[in-house]
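Participant: Have a look at the structure that comes next, please.
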Amino acid sequence: MSTVHHIKLGPFDTDADLIQQGRSPHGRWRAGYRRGDAPLSEGESTPVVLIVRQDGERLAFAIAEGPAAVVLAERLADHLWMVESTNGDWPENLRDWLDNTAQWADAPAGRTGFICGRIERGIPGGRVYLAWLGMNGLRLLNRADLAVDLDTVIDPDEGWTRDQGPEPEGMALHAYRGSLFGLERLIVLTTAAYALFDDLPDMANPELARAFADWAAESEQDLAIFDLRLHPVLNEPNSIAVDYTWVTPDQVQLSWRPSPNATAYRIEDASLPAFDDATLIAELTDGRQASYQISPPTDAPRYYRVIPLNQGVAGTPSEPICPTPILLNAPIMSGVKWSDDGGYSLSWTPMLQATSYEVQSSFDPDFQGHDNQIVYRGDLPETFLPHTTPPGQYYRVRALNALYAPRMPSPWSDGVRSPLRLPAPVFMRVTQDRLEWEPVRGAQQYVVRVTTTDKTGADHDEDVAMRDTGCVVAAQRAIYHVRAFRRPGDDRTASEWSDPVTLSPAAETAPTFSARRISGLLAAIAIVAALVGITLGWVGIEAYNNWSATSTPTRIPQTVLDVTQAAGTQSAHNATAIQRTEEFVFGQTATAALFTATPTPTATPNATLTVQAEFETRLTATAGHFTATPTPIDPADRTATFVAAYTSEFAVDIAATQALWTATPTPIDPADLTA
């Protein structure tokens, strides 16, 4: 428990000029008191008393001026310090306490004014409660140094007396209640010190002492001030909404969207949603962490909530949740596939809430027959059935959770039928020497059918069984098919025959032609094309001459002329193309002859050794250039080295520059700027 600090200033102090200051969990504070030097006719100034009590959680103060100031200020401060809570009907509860005149019989008579208050920092955002009567020396400043609006209009007749309590009769207290969030400063002054309001926030203690002395010299009342620069308070973090997800069959992940002003999160559980028996599970000290995994008990439901914290200030707890897998969703069965050993491979979507799965088989698509049986129970979302499993059956799966829903399995998935036959092989590589096809999953044997034709034209089939996915090609023309078998001799599940492939041996391929035979053939074609073009052209000219020779010529149809011209043009193009083709063929032959004489390299050049040898040769030359470099003096004199190396050249440049400037005339005084 923190230590209680007391401040008590008034006429009972032996020190007539007193200023105190310090720090507390509520902020930096200072308090000052000075007796008035201009007493009333009775010989004494109006007394003023300041009482402050504070610890780490709360602060209570009271300042009073008037005949009963000593009694009223001390009892007010004690009451506000001891009361359990000032929240509720503030300030009516304080007024009722002041109106109880039976407890004030020992107080001096006379109207007394007061300002009192209480500050609480142990609740989110903090609270400040203020009340005053007969005095208006109160000011609250926010973080922008702007004054908070307060009811400081004081009636001349208002105050407190021992006989009537608050006056005038029925007078309500001036009051303020609010959060500490955003407040910067609390200033309280007596009536005689009211002139210091504007300057007090910027005044140092020596300046305050001099001001006290100046104003006390002319005052009939004592002077007192209480100045508290409040520490910032943390506002309550925003509330959050918590959700949950089953990440494993026995692990639940609580997750939420981070609160922007939360620095930590507290996770609690309870047996009931009211959280009367709340238990702390964890406190996450990283405000960026927004999830936590738990394992709920299996014997009874458990409720969970998350409380955001802002450096210890707790926000509103989240709504309680009870993560129980009431209903499991049905898995989705994938298509049944062949396994490598000729059996079946079954798989389905995994369910996060499931601890195990059941797979059922049946020949009835509606699973209404008497042959239904469970073929798998386990925790993996897949299974493999042996090669002895009959084809064409239907399969379905459901999820179970033996921990949290032992008697509530999920619904069955839709049924999926297993394939009846293996897929047909597909050729992927065909050459003159070998055939290869893609492996068929589930196939343990392949049969290749070779169809050949004898001299009489009759076809003969030969089947060859093998385990490999390839075979050699026969030495004669033949047609090839391949078929996959689940087991040798199992024709019921064997695949269909593949698409045929026809192959002939290399000896039966079409003959090749030499370059000279090709060129001769191309030349003959060129000559024929040229003759055809010339003939067509001559026929066209002759027809034209015959048409022009008579005075009444028979006009050749335009379509005939167009055909004749097109034929001649095409013939000329053909002749040119044939000639270029012939030149290209002979040119290719000559090029091939040139390459015949190219020698075969004796060995592959070692690029690394060649580059290394060239590098070493150039490195030697570089080193030769540096041979004449003298050894530097130790330690090297860089300035001397530079001067020795460049003095002669530098001197020549300076001399040349000086010569250029020698002919410059002496400027006339005053200088002729234009000249």
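Here, A, B, ... name the chains of the structure tokens in the order displayed, residue numbers run from 1 inside each chain, and ligands are numbered from 1 in the same displayed order.
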For A:Arg396, list every protein, DNA or RNA residue within 10 Å, evaluated using only C-alpha atoms, and leave out those in the same chain fewer than 2 positions away; present the list as a list of chain:residue names.
Facilitator: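 Near neighbours after the sequence-gap exclusion: A:Pro331, A:Ile332, A:Met333, A:Ser334, A:Leu346, A:Trp348, A:Glu358, A:Val359, A:Gln360, A:Ser361, A:Ser362, A:Pro365, A:Phe367, A:Ile374, A:Tyr394, A:Arg398, A:Trp412, A:Ser413, A:Asp414, A:Gly415, A:Val416, A:Arg417.
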Participant: What lies within 7 Å of stretch 113-128 of chain A using only C-alpha atoms, ignoring chain neighbours under 6 positions off, as a list in words?
Facilitator: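 Here the qualifying residues turn out to be Glu57, Arg58, Leu59, Ala60, Phe61, Ala62, Ile63, Ala64, Glu65, Gly66, Leu80, Gly134, Met135, Gly159, Trp160, Arg177, Gly178, Ser179, Leu180, Phe181, Val233, Leu234, Asn235, Glu236, Val313 and Ala314 of chain A.
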Participant: Those residues with N, CA, C and O atoms, as a compact mmCIF listing (two decimals), in the first residue's frame please?
Facilitator:
```txt
# COMPACT_ATOMS: atom_id res chain seq x y z
N GLU A 57 -3.60 6.10 -5.33
CA GLU A 57 -4.90 5.86 -5.94
C GLU A 57 -5.79 7.10 -5.97
O GLU A 57 -6.56 7.29 -6.89
N ARG A 58 -5.70 7.97 -4.96
CA ARG A 58 -6.63 9.08 -4.87
C ARG A 58 -5.99 10.28 -4.19
O ARG A 58 -4.96 10.16 -3.53
N LEU A 59 -6.65 11.41 -4.36
CA LEU A 59 -6.22 12.67 -3.74
C LEU A 59 -7.48 13.40 -3.30
O LEU A 59 -8.44 13.52 -4.08
N ALA A 60 -7.46 13.89 -2.05
CA ALA A 60 -8.57 14.68 -1.52
C ALA A 60 -8.01 16.00 -1.00
O ALA A 60 -6.95 16.04 -0.36
N PHE A 61 -8.71 17.10 -1.28
CA PHE A 61 -8.24 18.41 -0.82
C PHE A 61 -9.44 19.26 -0.40
O PHE A 61 -10.58 19.03 -0.85
N ALA A 62 -9.14 20.24 0.42
CA ALA A 62 -10.15 21.22 0.82
C ALA A 62 -9.41 22.51 1.18
O ALA A 62 -8.38 22.49 1.86
N ILE A 63 -9.94 23.63 0.73
CA ILE A 63 -9.41 24.94 1.05
C ILE A 63 -10.59 25.81 1.49
O ILE A 63 -11.64 25.80 0.83
N ALA A 64 -10.46 26.47 2.63
CA ALA A 64 -11.57 27.24 3.18
C ALA A 64 -11.05 28.58 3.69
O ALA A 64 -9.89 28.69 4.11
N GLU A 65 -11.92 29.59 3.64
CA GLU A 65 -11.58 30.91 4.19
C GLU A 65 -12.81 31.45 4.92
O GLU A 65 -13.93 31.35 4.44
N GLY A 66 -12.54 31.96 6.13
CA GLY A 66 -13.61 32.46 6.97
C GLY A 66 -13.39 32.04 8.41
O GLY A 66 -12.40 31.37 8.74
N LEU A 80 -13.82 13.42 2.42
CA LEU A 80 -13.58 13.03 1.03
C LEU A 80 -12.51 11.95 0.93
O LEU A 80 -12.52 11.14 -0.01
N GLY A 134 -19.37 29.83 -2.02
CA GLY A 134 -18.87 31.09 -1.48
C GLY A 134 -17.49 31.47 -1.97
O GLY A 134 -16.98 32.53 -1.61
N MET A 135 -16.82 30.68 -2.78
CA MET A 135 -15.51 30.98 -3.35
C MET A 135 -15.52 30.58 -4.83
O MET A 135 -16.15 29.58 -5.21
N GLY A 159 -22.57 30.74 1.31
CA GLY A 159 -21.50 30.26 2.14
C GLY A 159 -22.00 29.14 3.04
O GLY A 159 -23.11 28.61 2.85
N TRP A 160 -21.18 28.79 4.03
CA TRP A 160 -21.57 27.72 4.96
C TRP A 160 -21.45 28.23 6.38
O TRP A 160 -20.50 28.96 6.73
N ARG A 177 -18.07 17.15 -12.25
CA ARG A 177 -17.67 15.75 -12.22
C ARG A 177 -17.33 15.32 -13.64
O ARG A 177 -18.06 15.62 -14.58
N GLY A 178 -16.19 14.66 -13.80
CA GLY A 178 -15.79 14.22 -15.13
C GLY A 178 -14.57 13.33 -15.10
O GLY A 178 -14.02 13.01 -14.04
N SER A 179 -14.14 12.95 -16.31
CA SER A 179 -12.96 12.09 -16.46
C SER A 179 -11.69 12.93 -16.39
O SER A 179 -11.69 14.12 -16.75
N LEU A 180 -10.62 12.30 -15.93
CA LEU A 180 -9.33 12.98 -15.92
C LEU A 180 -8.68 13.00 -17.30
O LEU A 180 -7.70 13.72 -17.51
N PHE A 181 -9.20 12.20 -18.21
CA PHE A 181 -8.58 12.10 -19.52
C PHE A 181 -8.65 13.45 -20.24
O PHE A 181 -9.71 14.06 -20.37
N VAL A 233 -3.68 10.43 -17.83
CA VAL A 233 -4.31 9.16 -17.49
C VAL A 233 -4.57 8.39 -18.78
O VAL A 233 -4.70 8.96 -19.87
N LEU A 234 -4.61 7.10 -18.65
CA LEU A 234 -4.85 6.23 -19.79
C LEU A 234 -6.34 5.99 -19.93
O LEU A 234 -7.01 5.62 -18.96
N ASN A 235 -6.83 6.18 -21.15
CA ASN A 235 -8.25 5.93 -21.36
C ASN A 235 -8.53 4.44 -21.47
O ASN A 235 -7.64 3.63 -21.74
N GLU A 236 -9.73 4.10 -21.25
CA GLU A 236 -10.14 2.69 -21.28
C GLU A 236 -10.04 2.15 -22.69
O GLU A 236 -10.50 2.78 -23.65
N VAL A 313 -5.03 -0.49 -17.20
CA VAL A 313 -6.42 -0.03 -17.18
C VAL A 313 -7.25 -1.02 -17.99
O VAL A 313 -7.05 -1.20 -19.19
N ALA A 314 -8.20 -1.67 -17.32
CA ALA A 314 -8.99 -2.71 -17.96
C ALA A 314 -10.17 -2.12 -18.71
O ALA A 314 -10.83 -1.18 -18.24
```
Participant: Kindly indicate which residue among A:Arg483, A:Arg139, A:Lys455, A:His5 lies nearest to A:Glu438, using only C-alpha atoms for the distances.
Facilitator: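 The closest residue to A:Glu438 is A:Arg483.
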Participant: Mind checking DSSP for stretch 386-449 of chain A and telling me the strand (DSSP E) residues as a list in words?
Facilitator: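 Strand (DSSP E) assignments inside stretch 386-449 of chain A correspond to Tyr394, Tyr395, Arg396, Val397, Arg398, Ala399, Leu400, Val416, Arg417, Phe427, Met428, Arg429, Val430, Arg434, Leu435, Glu436, Trp437, Gln445, Tyr446, Val447, Val448 and Arg449 of chain A.
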Participant: Could you write out that same residue set with C-alpha atoms as a PDB file, in the first residue's frame?
Facilitator:
```pdb
ATOM      1  CA  TYR A 394     -19.541 -47.151 -53.759  1.00  0.00           C
ATOM      2  CA  TYR A 395     -17.801 -45.447 -50.826  1.00  0.00           C
ATOM      3  CA  ARG A 396     -18.798 -42.728 -48.339  1.00  0.00           C
ATOM      4  CA  VAL A 397     -17.186 -41.196 -45.212  1.00  0.00           C
ATOM      5  CA  ARG A 398     -18.214 -39.439 -41.988  1.00  0.00           C
ATOM      6  CA  ALA A 399     -16.318 -37.575 -39.229  1.00  0.00           C
ATOM      7  CA  LEU A 400     -16.341 -38.326 -35.491  1.00  0.00           C
ATOM      8  CA  VAL A 416     -18.394 -42.127 -54.862  1.00  0.00           C
ATOM      9  CA  ARG A 417     -17.972 -45.183 -57.108  1.00  0.00           C
ATOM     10  CA  PHE A 427       2.293 -43.781 -76.268  1.00  0.00           C
ATOM     11  CA  MET A 428       4.719 -41.047 -75.351  1.00  0.00           C
ATOM     12  CA  ARG A 429       7.845 -41.997 -77.408  1.00  0.00           C
ATOM     13  CA  VAL A 430       7.903 -43.693 -80.809  1.00  0.00           C
ATOM     14  CA  ARG A 434      11.587 -48.689 -79.595  1.00  0.00           C
ATOM     15  CA  LEU A 435       8.106 -47.887 -78.311  1.00  0.00           C
ATOM     16  CA  GLU A 436       7.390 -46.384 -74.869  1.00  0.00           C
ATOM     17  CA  TRP A 437       4.122 -45.481 -73.123  1.00  0.00           C
ATOM     18  CA  GLN A 445       1.343 -56.043 -66.315  1.00  0.00           C
ATOM     19  CA  TYR A 446       1.212 -54.798 -69.917  1.00  0.00           C
ATOM     20  CA  VAL A 447       0.396 -56.790 -73.054  1.00  0.00           C
ATOM     21  CA  VAL A 448       1.691 -55.542 -76.429  1.00  0.00           C
ATOM     22  CA  ARG A 449      -0.121 -56.797 -79.559  1.00  0.00           C
TER      23      ARG A 449
END
```
